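Quick notes on the structure that follows.
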Amino acid sequence: LTLVRELCKLPYVDSSRVYLTGVSMGGMGCWELGMQDPGLFAAIAPIAAYHKCHLRSEIAEALKATPIFAVHSHKDATCPLSKEKPLYEELQQVRALLRVDLCNFSHTDMHKPHMEDPTIFEWMLSHPYTAKVPVATPVR
């Protein structure tokens, strides 16, 4: 995260368009890195991911303002969809901008059609980061 923050300071980096994605364990890293610094990423895209159950509420609360494009499969025996659904439900409860694409590929193959199709990239680019500026309370 420190490296990404430093790179964002460079004049040729558009810091409003820093995105995070990962597959399988990288998907878990996507949830956790996004949670640790939710203001850094314009959107995240965990694919074939899983999350640590004890972090579920923390992930949902931290990422409620971060657009999320999750990809999972009904046929994933490595990271079963049933274990991710509670996180998706909690994200919906906090009104997160969540898109979940479900497919029928194996754990090792589900990323291929999504990385070859421009949809996920077009979706991410349609969500540049916009800082949530707090509204000042007028002084009386």
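Residues are referred to by chain and number: the chain letter is A, B, ... according to the order shown in the structure tokens, the number counts from 1 in that chain, and ligands are numbered separately from 1 in the order shown.
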Within 8 Å of stretch 23-43 of chain A, which residues of stretch 60-123 of chain A come that close, and what is the closest atom pair and distance in Å for each? Count only C-alpha atoms and give it as a Markdown table.
| residue | atom | partner | partner_atom | distance |
| --- | --- | --- | --- | --- |
| A:Ala62 | CA | A:Met35 | CA | 5.2 |
| A:Leu63 | CA | A:Pro38 | CA | 6.0 |
| A:Thr66 | CA | A:Ala43 | CA | 5.6 |
| A:Pro67 | CA | A:Ala43 | CA | 4.7 |
| A:Ile68 | CA | A:Ala43 | CA | 5.8 |
| A:Phe69 | CA | A:Ala43 | CA | 7.8 |
| A:Cys79 | CA | A:Ser24 | CA | 7.7 |
| A:His107 | CA | A:Ser24 | CA | 7.9 |
| A:His111 | CA | A:Val23 | CA | 7.0 |
Can you write just those residues out, all heavy atoms, as an mmCIF file, in the first residue's frame?
data_model
loop_
_atom_site.group_PDB
_atom_site.id
_atom_site.type_symbol
_atom_site.label_atom_id
_atom_site.label_comp_id
_atom_site.auth_asym_id
_atom_site.auth_seq_id
_atom_site.Cartn_x
_atom_site.Cartn_y
_atom_site.Cartn_z
ATOM 1 N N ALA A 62 -15.685 -0.997 5.755
ATOM 2 C CA ALA A 62 -14.605 -0.228 5.124
ATOM 3 C C ALA A 62 -14.869 0.012 3.643
ATOM 4 O O ALA A 62 -14.517 1.070 3.109
ATOM 5 C CB ALA A 62 -13.270 -0.945 5.300
ATOM 6 N N LEU A 63 -15.503 -0.953 2.963
ATOM 7 C CA LEU A 63 -15.675 -0.865 1.507
ATOM 8 C C LEU A 63 -17.061 -0.402 1.070
ATOM 9 O O LEU A 63 -17.374 -0.442 -0.109
ATOM 10 C CB LEU A 63 -15.353 -2.225 0.868
ATOM 11 C CG LEU A 63 -13.894 -2.668 0.999
ATOM 12 C CD1 LEU A 63 -13.711 -4.060 0.433
ATOM 13 C CD2 LEU A 63 -12.968 -1.676 0.327
ATOM 14 N N THR A 66 -16.814 1.973 -1.738
ATOM 15 C CA THR A 66 -15.936 1.579 -2.839
ATOM 16 C C THR A 66 -16.701 0.674 -3.797
ATOM 17 O O THR A 66 -17.226 -0.359 -3.374
ATOM 18 C CB THR A 66 -14.707 0.815 -2.301
ATOM 19 O OG1 THR A 66 -14.006 1.644 -1.369
ATOM 20 C CG2 THR A 66 -13.765 0.409 -3.426
ATOM 21 N N PRO A 67 -16.789 1.019 -5.069
ATOM 22 C CA PRO A 67 -17.448 0.128 -6.030
ATOM 23 C C PRO A 67 -16.727 -1.225 -6.099
ATOM 24 O O PRO A 67 -15.495 -1.280 -6.110
ATOM 25 C CB PRO A 67 -17.336 0.880 -7.355
ATOM 26 C CG PRO A 67 -17.191 2.315 -6.952
ATOM 27 C CD PRO A 67 -16.377 2.285 -5.684
ATOM 28 N N ILE A 68 -17.506 -2.301 -6.129
ATOM 29 C CA ILE A 68 -16.959 -3.654 -6.115
ATOM 30 C C ILE A 68 -17.586 -4.467 -7.246
ATOM 31 O O ILE A 68 -18.805 -4.523 -7.379
ATOM 32 C CB ILE A 68 -17.269 -4.350 -4.773
ATOM 33 C CG1 ILE A 68 -16.688 -3.556 -3.605
ATOM 34 C CG2 ILE A 68 -16.744 -5.787 -4.767
ATOM 35 C CD1 ILE A 68 -17.263 -3.962 -2.255
ATOM 36 N N PHE A 69 -16.745 -5.096 -8.046
ATOM 37 C CA PHE A 69 -17.168 -6.019 -9.099
ATOM 38 C C PHE A 69 -16.597 -7.378 -8.726
ATOM 39 O O PHE A 69 -15.417 -7.643 -8.939
ATOM 40 C CB PHE A 69 -16.609 -5.555 -10.446
ATOM 41 C CG PHE A 69 -17.134 -6.286 -11.658
ATOM 42 C CD1 PHE A 69 -17.716 -5.580 -12.690
ATOM 43 C CD2 PHE A 69 -17.020 -7.658 -11.791
ATOM 44 C CE1 PHE A 69 -18.183 -6.221 -13.831
ATOM 45 C CE2 PHE A 69 -17.481 -8.313 -12.914
ATOM 46 C CZ PHE A 69 -18.069 -7.592 -13.937
ATOM 47 N N CYS A 79 -12.940 -22.321 -3.398
ATOM 48 C CA CYS A 79 -13.485 -21.213 -2.607
ATOM 49 C C CYS A 79 -14.987 -21.178 -2.874
ATOM 50 O O CYS A 79 -15.445 -20.435 -3.742
ATOM 51 C CB CYS A 79 -12.845 -19.884 -3.016
ATOM 52 S SG CYS A 79 -11.077 -19.813 -2.786
ATOM 53 N N HIS A 107 -12.722 -23.170 -10.407
ATOM 54 C CA HIS A 107 -11.969 -22.146 -9.672
ATOM 55 C C HIS A 107 -10.794 -21.624 -10.505
ATOM 56 O O HIS A 107 -10.537 -20.422 -10.531
ATOM 57 C CB HIS A 107 -11.457 -22.733 -8.343
ATOM 58 C CG HIS A 107 -10.652 -21.773 -7.545
ATOM 59 N ND1 HIS A 107 -11.227 -20.754 -6.815
ATOM 60 C CD2 HIS A 107 -9.322 -21.662 -7.355
ATOM 61 C CE1 HIS A 107 -10.283 -20.058 -6.210
ATOM 62 N NE2 HIS A 107 -9.115 -20.593 -6.525
ATOM 63 N N HIS A 111 -11.500 -16.828 -14.072
ATOM 64 C CA HIS A 111 -10.948 -15.499 -14.363
ATOM 65 C C HIS A 111 -10.744 -15.279 -15.866
ATOM 66 O O HIS A 111 -10.797 -14.153 -16.339
ATOM 67 C CB HIS A 111 -9.613 -15.302 -13.638
ATOM 68 C CG HIS A 111 -8.507 -16.140 -14.187
ATOM 69 N ND1 HIS A 111 -8.407 -17.494 -13.923
ATOM 70 C CD2 HIS A 111 -7.480 -15.824 -15.006
ATOM 71 C CE1 HIS A 111 -7.343 -17.966 -14.543
ATOM 72 N NE2 HIS A 111 -6.767 -16.980 -15.209
#
Based on DSSP run over this structure's backbone, return all residues of stretch 26-131 of chain A in alpha helix (DSSP H), as a PyMOL selection string. chain A and resi 26-36+56-62+81-93+111-116+119-125
Just C-alpha atoms for this one: save the residues we selected as a short mmCIF file (atom, residue, chain, number, x, y, z; two decimals), in the first residue's frame.
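So selection_37.cif came out as:
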data_model
loop_
_atom_site.label_atom_id
_atom_site.label_comp_id
_atom_site.auth_asym_id
_atom_site.auth_seq_id
_atom_site.Cartn_x
_atom_site.Cartn_y
_atom_site.Cartn_z
CA GLY A 26 -5.13 -12.48 -4.75
CA GLY A 27 -8.87 -12.01 -4.40
CA MET A 28 -8.52 -12.38 -0.65
CA GLY A 29 -5.73 -9.82 -0.81
CA CYS A 30 -8.08 -7.59 -2.79
CA TRP A 31 -10.65 -7.69 0.03
CA GLU A 32 -8.03 -7.11 2.72
CA LEU A 33 -5.96 -4.41 1.00
CA GLY A 34 -9.13 -2.62 -0.03
CA MET A 35 -10.31 -2.79 3.58
CA GLN A 36 -6.99 -1.46 4.92
CA ARG A 56 -16.49 -9.83 7.19
CA SER A 57 -18.07 -6.88 9.01
CA GLU A 58 -14.86 -4.88 8.89
CA ILE A 59 -14.54 -5.46 5.13
CA ALA A 60 -18.17 -4.47 4.52
CA GLU A 61 -17.93 -1.33 6.61
CA ALA A 62 -14.60 -0.23 5.12
CA LEU A 81 -19.68 -19.44 -3.39
CA SER A 82 -21.63 -20.31 -0.23
CA LYS A 83 -18.77 -18.91 1.86
CA GLU A 84 -18.69 -15.61 -0.04
CA LYS A 85 -22.45 -15.03 -0.07
CA PRO A 86 -22.55 -13.79 3.56
CA LEU A 87 -20.04 -11.06 2.64
CA TYR A 88 -22.08 -10.08 -0.42
CA GLU A 89 -25.18 -9.91 1.78
CA GLU A 90 -23.43 -7.76 4.36
CA LEU A 91 -22.15 -5.44 1.64
CA GLN A 92 -25.72 -5.09 0.38
CA GLN A 93 -26.91 -4.29 3.91
CA HIS A 111 -10.95 -15.50 -14.36
CA LYS A 112 -10.19 -16.22 -18.03
CA PRO A 113 -13.48 -15.08 -19.62
CA HIS A 114 -13.60 -12.00 -17.39
CA MET A 115 -10.04 -10.95 -18.16
CA GLU A 116 -10.51 -11.51 -21.89
CA THR A 119 -16.67 -5.57 -19.45
CA ILE A 120 -14.85 -5.67 -16.11
CA PHE A 121 -12.31 -3.07 -17.25
CA GLU A 122 -14.98 -0.79 -18.70
CA TRP A 123 -16.92 -1.10 -15.44
CA MET A 124 -13.87 -0.20 -13.35
CA LEU A 125 -13.01 2.78 -15.56
#
Please provide the set of residues having any atom within 7 Å of A:Cys103, restricted to only C-alpha atoms, with same-chain residues fewer than 6 positions apart removed, written as a ChimeraX atom specification. /A:72-74
Selection from above, N, CA and C atoms, as a compact mmCIF listing (two decimals), in the first residue's frame, can you write it?
# COMPACT_ATOMS: atom_id res chain seq x y z
N HIS A 72 -17.63 -14.78 -9.19
CA HIS A 72 -17.55 -16.08 -8.51
C HIS A 72 -18.28 -17.12 -9.34
N SER A 73 -18.10 -18.39 -8.97
CA SER A 73 -18.68 -19.48 -9.76
C SER A 73 -19.49 -20.43 -8.89
N HIS A 74 -20.57 -20.90 -9.46
CA HIS A 74 -21.38 -21.93 -8.81
C HIS A 74 -20.58 -23.23 -8.68
Using only C-alpha atoms, find the one residue out of A:Leu102, A:Pro46, A:Tyr12, A:Asp117 that sits nearest to A:Lys75.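 Nearest candidate to A:Lys75 out of A:Leu102, A:Pro46, A:Tyr12, A:Asp117: A:Leu102.
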Please provide the set of residues having any atom within 9 Å of A:Val4, restricted to only C-alpha atoms, with same-chain residues fewer than 4 positions apart removed, written as a ChimeraX atom specification. /A:8-9,18,40
Between atom CA of A:Arg5 and atom CA of A:Val100 lies a distance of 27.7 Å
